[in-house]
>>> print(open('entry14.txt').read())   # compact mmCIF, C-alpha atoms
# COMPACT_ATOMS: atom_id res chain seq x y z
CA MET B 72 20.38 -28.40 -48.04
CA ARG B 73 21.85 -27.79 -51.47
CA GLY B 74 20.49 -28.71 -54.88
CA GLU B 75 17.43 -26.46 -55.12
CA LYS B 76 16.88 -27.04 -58.82
CA ARG B 77 15.40 -30.38 -59.81
CA ILE B 78 17.14 -32.40 -62.48
CA TYR B 79 14.01 -34.23 -63.68
CA GLU B 80 10.34 -33.59 -64.38
CA ARG B 81 7.60 -33.83 -61.76
CA ASP B 82 5.17 -36.71 -62.27
CA VAL B 83 1.79 -36.46 -60.61
CA ILE B 84 1.09 -40.21 -60.64
CA ILE B 85 4.38 -41.18 -59.01
CA GLU B 86 4.09 -38.37 -56.43
CA THR B 87 0.52 -39.27 -55.45
CA ILE B 88 1.21 -42.99 -55.23
CA SER B 89 4.31 -42.51 -53.08
CA ARG B 90 2.51 -39.97 -50.89
CA LEU B 91 -0.12 -42.64 -50.23
CA LEU B 92 2.37 -45.47 -49.87
CA ILE B 93 5.01 -43.95 -47.57
CA PRO B 94 2.86 -43.88 -44.37
CA PHE B 95 1.94 -47.53 -44.86
CA ILE B 96 5.59 -48.50 -45.42
CA GLN B 97 6.49 -46.74 -42.17
CA LEU B 98 3.59 -48.36 -40.31
CA PHE B 99 4.70 -51.76 -41.59
CA ALA B 100 8.26 -51.00 -40.45
CA LEU B 101 7.03 -50.20 -36.94
CA TYR B 102 4.97 -53.39 -36.95
CA VAL B 103 8.04 -55.41 -37.96
CA ILE B 104 10.12 -53.83 -35.19
CA ILE B 105 7.52 -54.46 -32.47
CA HIS B 106 6.59 -57.91 -33.79
CA GLY B 107 10.23 -58.98 -34.00
CA ALA B 108 10.34 -60.51 -30.52
CA GLY B 109 7.71 -63.14 -31.28
CA GLY B 110 8.03 -63.80 -35.01
CA PRO B 111 10.00 -63.05 -38.14
CA GLY B 112 11.35 -59.55 -38.26
CA GLY B 113 13.21 -57.43 -35.77
CA GLY B 114 15.04 -54.17 -35.32
CA PHE B 115 17.35 -54.55 -38.30
CA GLN B 116 14.70 -55.47 -40.85
CA GLY B 117 12.29 -52.84 -39.53
CA GLY B 118 15.01 -50.20 -39.68
CA VAL B 119 15.83 -51.11 -43.27
CA ILE B 120 12.15 -50.91 -44.25
CA PHE B 121 11.80 -47.54 -42.49
CA ALA B 122 14.91 -46.26 -44.27
CA SER B 123 13.58 -47.46 -47.63
CA SER B 124 10.56 -45.18 -47.15
CA PHE B 125 12.96 -42.22 -46.92
CA VAL B 126 14.82 -43.54 -49.95
CA LEU B 127 11.51 -43.58 -51.85
CA TYR B 128 10.76 -40.03 -50.70
CA LEU B 129 14.19 -38.85 -51.87
CA VAL B 130 13.88 -40.57 -55.24
CA VAL B 131 10.43 -39.09 -55.91
CA PHE B 132 10.58 -35.59 -54.39
CA GLY B 133 14.27 -34.73 -54.78
CA LEU B 134 17.04 -33.96 -52.34
CA ALA B 135 15.86 -30.49 -51.29
CA ALA B 136 12.45 -31.67 -50.08
CA ALA B 137 13.87 -34.82 -48.48
CA GLY B 138 16.54 -32.79 -46.68
CA LYS B 139 13.79 -30.67 -45.11
CA ARG B 140 11.89 -33.75 -43.92
CA PHE B 141 14.96 -35.57 -42.65
CA PRO B 142 17.68 -33.02 -41.76
CA GLU B 143 21.26 -34.16 -41.35
CA GLY B 144 21.54 -32.92 -37.77
CA ALA B 145 18.58 -35.04 -36.66
CA ASN B 146 20.05 -37.94 -38.62
CA THR B 147 23.35 -37.76 -36.75
CA ALA B 148 21.53 -37.46 -33.43
CA LEU B 149 19.33 -40.50 -34.22
CA MET B 150 22.35 -42.59 -35.18
CA SER B 151 23.81 -42.32 -31.69
CA THR B 152 20.42 -42.30 -29.92
CA GLY B 153 19.78 -45.88 -31.03
CA VAL B 154 23.16 -47.10 -29.82
CA TYR B 155 22.72 -45.30 -26.49
CA LEU B 156 19.24 -46.83 -26.07
CA TYR B 157 20.66 -50.29 -26.71
CA ALA B 158 23.64 -49.82 -24.39
CA GLY B 159 21.54 -47.99 -21.80
CA VAL B 160 19.01 -50.82 -21.49
CA GLY B 161 21.88 -53.26 -21.19
CA LEU B 162 23.62 -51.24 -18.50
CA LEU B 163 20.34 -50.63 -16.64
CA CYS B 164 20.14 -54.35 -15.91
CA ILE B 165 23.51 -54.18 -14.12
CA LEU B 166 22.74 -50.89 -12.37
CA VAL B 167 19.29 -51.86 -11.05
CA THR B 168 20.47 -55.13 -9.53
CA LEU B 169 23.82 -53.63 -8.40
CA GLY B 170 25.81 -56.06 -10.50
CA ALA B 171 23.85 -59.26 -9.85
CA ALA B 172 22.34 -59.59 -13.37
CA GLU B 173 24.30 -59.80 -16.61
CA TYR B 174 24.45 -57.15 -19.30
CA LEU B 175 21.17 -57.19 -21.32
CA ASN B 176 19.40 -59.56 -18.90
CA TYR B 177 16.15 -57.62 -19.28
CA GLY B 178 14.07 -59.50 -16.76
CA TYR B 179 15.59 -57.66 -13.82
CA ILE B 180 14.53 -54.17 -14.99
CA PRO B 181 11.55 -53.33 -12.72
CA LEU B 182 9.17 -52.01 -15.38
CA THR B 183 6.27 -54.20 -14.24
CA HIS B 184 5.88 -56.70 -11.43
CA MET B 185 6.30 -59.74 -13.67
CA PHE B 186 9.69 -61.08 -14.73
CA GLU B 187 8.47 -62.26 -18.16
CA GLU B 188 6.78 -58.97 -18.97
CA ASN B 189 9.94 -57.10 -17.98
CA ARG B 190 11.89 -59.31 -20.36
CA ALA B 191 9.44 -58.69 -23.24
CA LEU B 192 9.48 -54.92 -22.67
CA GLY B 193 13.28 -54.83 -22.47
CA MET B 194 13.52 -56.80 -25.68
CA ASP B 195 11.21 -54.30 -27.40
CA LEU B 196 13.30 -51.35 -26.15
CA VAL B 197 16.49 -52.93 -27.50
CA GLU B 198 14.81 -53.65 -30.85
CA ILE B 199 13.66 -50.03 -31.07
CA GLY B 200 17.24 -48.88 -30.45
CA ILE B 201 18.57 -51.14 -33.19
CA GLY B 202 15.84 -49.96 -35.56
CA ILE B 203 16.59 -46.26 -34.98
CA THR B 204 20.30 -46.71 -35.66
CA VAL B 205 19.85 -48.86 -38.76
CA MET B 206 17.28 -46.45 -40.18
CA ALA B 207 19.54 -43.42 -39.64
CA VAL B 208 22.68 -45.08 -41.02
CA ILE B 209 21.05 -46.48 -44.18
CA THR B 210 19.28 -43.18 -44.91
CA GLU B 211 22.55 -41.30 -44.36
CA ILE B 212 24.47 -43.59 -46.76
CA PHE B 213 21.87 -43.04 -49.49
CA PHE B 214 21.64 -39.28 -48.86
CA ASN B 215 25.41 -38.94 -49.10
CA LEU B 216 25.59 -40.97 -52.30
CA VAL B 217 22.95 -38.74 -53.96
CA TRP B 218 24.04 -35.48 -52.35
CA LYS B 219 27.58 -35.49 -53.75
CA LYS B 220 26.13 -36.16 -57.19
CA GLU B 221 23.80 -33.15 -57.07
CA GLU B 222 26.51 -30.89 -55.60
CA GLU B 223 28.71 -31.51 -58.64
CA GLY B 224 26.04 -29.91 -60.83
CA GLY B 225 23.64 -32.78 -61.33
CA LYS B 226 24.84 -33.80 -64.76
CA GLU B 227 22.85 -36.68 -66.17
CA GLU B 228 23.81 -38.77 -69.15
CA MET H 252 10.36 -78.26 -48.86
CA ILE H 253 8.84 -78.88 -52.29
CA VAL H 254 11.55 -80.25 -54.57
CA PRO H 255 10.26 -79.11 -58.01
CA ILE H 256 9.84 -75.51 -56.82
CA ASP H 257 13.30 -75.62 -55.26
CA LEU H 258 14.86 -76.95 -58.45
CA ALA H 259 13.11 -74.36 -60.62
CA LEU H 260 14.12 -71.46 -58.33
CA LEU H 261 17.74 -72.60 -57.99
CA THR H 262 18.11 -73.13 -61.77
CA LEU H 263 16.74 -69.65 -62.38
CA ILE H 264 19.13 -68.23 -59.75
CA VAL H 265 22.15 -69.83 -61.43
CA ILE H 266 21.09 -68.52 -64.85
CA ILE H 267 20.53 -65.00 -63.46
CA ALA H 268 23.90 -65.02 -61.68
CA LEU H 269 25.72 -66.10 -64.85
CA VAL H 270 23.97 -63.42 -66.93
CA ALA H 271 24.67 -60.76 -64.29
CA ILE H 272 28.44 -61.29 -64.45
CA THR H 273 28.60 -61.44 -68.25
CA VAL H 274 26.34 -58.51 -69.20
CA LYS H 275 28.06 -55.27 -70.28
CA ASP H 276 25.31 -52.87 -69.19
CA LEU H 277 25.89 -52.23 -65.48
CA LEU H 278 22.32 -51.04 -64.89
CA SER H 279 21.11 -54.39 -66.22
CA ALA H 280 23.58 -56.12 -63.93
CA ILE H 281 22.14 -54.24 -60.93
CA MET H 282 18.58 -55.14 -61.86
CA LEU H 283 19.62 -58.78 -62.36
CA LEU H 284 21.24 -58.79 -58.91
CA SER H 285 17.99 -57.42 -57.51
CA ALA H 286 16.07 -60.24 -59.16
CA TYR H 287 18.68 -62.68 -57.84
CA SER H 288 18.13 -61.36 -54.30
CA PHE H 289 14.37 -61.64 -54.64
CA LEU H 290 14.54 -65.24 -55.87
CA MET H 291 17.01 -66.01 -53.09
CA ALA H 292 14.49 -64.63 -50.58
CA MET H 293 11.88 -66.94 -52.10
CA VAL H 294 14.26 -69.88 -51.66
CA TRP H 295 14.84 -68.98 -48.00
CA VAL H 296 11.11 -68.71 -47.34
CA GLU H 297 10.52 -71.97 -49.17
CA MET H 298 13.10 -73.62 -46.88
CA HIS H 299 11.07 -72.42 -43.83
CA SER H 300 13.61 -69.75 -42.86
CA VAL H 301 11.25 -66.77 -42.97
CA ASP H 302 13.54 -64.51 -40.95
CA VAL H 303 16.48 -64.86 -43.33
CA GLY H 304 14.17 -64.47 -46.33
CA PHE H 305 12.71 -61.31 -44.84
CA THR H 306 16.17 -59.82 -44.34
CA GLU H 307 17.21 -60.82 -47.85
CA ALA H 308 14.10 -59.19 -49.35
CA ALA H 309 14.49 -55.97 -47.34
CA VAL H 310 18.26 -55.53 -47.64
CA GLY H 311 19.22 -57.40 -50.80
CA ALA H 312 16.33 -56.55 -53.07
CA GLY H 313 15.50 -53.15 -51.54
CA ALA H 314 18.32 -51.17 -50.00
CA THR H 315 21.29 -52.63 -51.90
CA THR H 316 19.66 -51.99 -55.27
CA ALA H 317 19.06 -48.36 -54.39
CA PHE H 318 22.67 -48.00 -53.19
CA LEU H 319 24.08 -49.59 -56.32
CA ILE H 320 22.00 -47.39 -58.62
CA ALA H 321 23.08 -44.29 -56.66
CA ALA H 322 26.69 -45.45 -56.98
CA LEU H 323 26.24 -46.14 -60.70
CA ALA H 324 25.05 -42.54 -61.19
CA ARG H 325 28.58 -41.45 -60.21
CA THR H 326 30.35 -43.60 -62.82
CA VAL H 327 29.79 -44.74 -66.41
CA ARG H 328 26.98 -47.06 -67.34
CA TRP H 329 28.75 -49.35 -69.81
CA GLU H 330 31.56 -51.73 -68.92
CA LYS H 331 34.65 -51.42 -71.14
CA GLY H 332 36.33 -54.26 -73.01
>>> encode(input="entry14.txt", output="structure tokens")
Amino acid sequence: MRGEKRIYERDVIIETISRLLIPFIQLFALYVIIHGAGGPGGGFQGGVIFASSFVLYLVVFGLAAAGKRFPEGANTALMSTGVYLYAGVGLLCILVTLGAAEYLNYGYIPLTHMFEENRALGMDLVEIGIGITVMAVITEIFFNLVWKKEEEGGKEE
Amino acid sequence: MIVPIDLALLTLIVIIALVAITVKDLLSAIMLLSAYSFLMAMVWVEMHSVDVGFTEAAVGAGATTAFLIAALARTVRWEKG
């Protein structure tokens, strides 16, 4: 990525605190995604929280370091991976039952021998797909907003 | 629902919204909108709608503020006129 030179000073307190905090933010995001089926939360909120950890990383460590951790190619791949996971789980319900079940009727996917457990697992897979896409899109929006700024020479007022 | 807390939060929200549209410093306006979102999330939670409050806190107070500050870095800070 571009923008090798940093336009602000390093700060050891901010860097240490965010280095400690980012894994917990990501763990909390995963918890929100998995917990979303049975309580408040879900794929969208978890994805936003996961993306905000990358936003924090970019703000603290600069675009060059963040671009290494979260390259644009992987970002583009993740964006479509989430949608394909969502659509694939939905289509799998139709394919497995040869058209008897509706789109996204998870209970008919034979993951386990119990209908309710199949439904819970299918719900989790769909939530993970939503979370991946939301995370990639929100991170990409923020990266693009900052990236253009630093490409123009990084002039600060 | 606790009525005094509701009234206090909603009054504060109205004041913050009015200040946010009158202030000339756009960075202050962004921070006021962030505070507005956070108080709005508290109102949602207080009305037993935890899911909506959670979304408001994550998107409104977190992601949107970062986007607006990144967008503000590409324009001028002070509103004209």
>>> residues_around(input="entry14.txt", residues="Val296 (chain H)", least_positions_apart="6", cutoff="12 Å", atoms="all atoms listed in the file", output="CSV table (one decimal) with C-alpha atoms, in the coordinates of the input")
chain,number,residue,atom,x,y,z
B,111,PRO,CA,10.0,-63.0,-38.1
H,252,MET,CA,10.4,-78.3,-48.9
H,253,ILE,CA,8.8,-78.9,-52.3
H,256,ILE,CA,9.8,-75.5,-56.8
H,257,ASP,CA,13.3,-75.6,-55.3
H,260,LEU,CA,14.1,-71.5,-58.3
H,289,PHE,CA,14.4,-61.6,-54.6
H,290,LEU,CA,14.5,-65.2,-55.9
H,302,ASP,CA,13.5,-64.5,-41.0
H,303,VAL,CA,16.5,-64.9,-43.3
H,304,GLY,CA,14.2,-64.5,-46.3
H,305,PHE,CA,12.7,-61.3,-44.8
H,306,THR,CA,16.2,-59.8,-44.3
H,307,GLU,CA,17.2,-60.8,-47.8
H,308,ALA,CA,14.1,-59.2,-49.4
>>> interface_residues(input="entry14.txt", of="chain B", to="chain H", cutoff="12 Å", atoms="all atoms listed in the file", output="JSON, numbers by chain")
{"B": [96, 100, 103, 106, 107, 108, 109, 110, 111, 112, 113, 114, 115, 116, 117, 118, 119, 120, 121, 122, 123, 124, 125, 126, 127, 129, 130, 205, 206, 208, 209, 210, 211, 212, 213, 214, 215, 216, 217, 218, 219, 220, 221, 222, 223, 224, 225, 226, 227, 228]}
>>> residues_around(input="entry14.txt", residues="region 145-151 of chain B", least_positions_apart="5", cutoff="7 Å", atoms="all atoms listed in the file", output="list in words")
Ile203, Thr204, Ala207 and Val208 of chain B
>>> atom_distance(input="entry14.txt", atom1="CA of Met291 (chain H)", atom2="CA of Ile264 (chain H)")
7.3 Å
>>> atom_distance(input="entry14.txt", atom1="CA of Ile180 (chain B)", atom2="CA of Gly161 (chain B)")
9.7 Å
>>> atom_distance(input="entry14.txt", atom1="CA of Ile93 (chain B)", atom2="CA of Glu198 (chain B)")
21.7 Å
>>> residues_near_point(input="entry14.txt", point="(17.7, -59.6, -60.3)", cutoff="10 Å", atoms="only C-alpha atoms", output="ChimeraX atom specification")
/H:264,267-268,270-271,279-291,311-312,316
>>> residues_around(input="entry14.txt", residues="Trp329 (chain H)", least_positions_apart="4", cutoff="8 Å", atoms="all atoms listed in the file", output="PyMOL selection string")
chain H and resi 275-277
>>> write_last_selection(input="entry14.txt", atoms="C-alpha atoms", output="PDB file, in the coordinates of the input")
ATOM      1  CA  LYS H 275      28.060 -55.270 -70.280  1.00  0.00           C
ATOM      2  CA  ASP H 276      25.310 -52.870 -69.190  1.00  0.00           C
ATOM      3  CA  LEU H 277      25.890 -52.230 -65.480  1.00  0.00           C
TER       4      LEU H 277
END
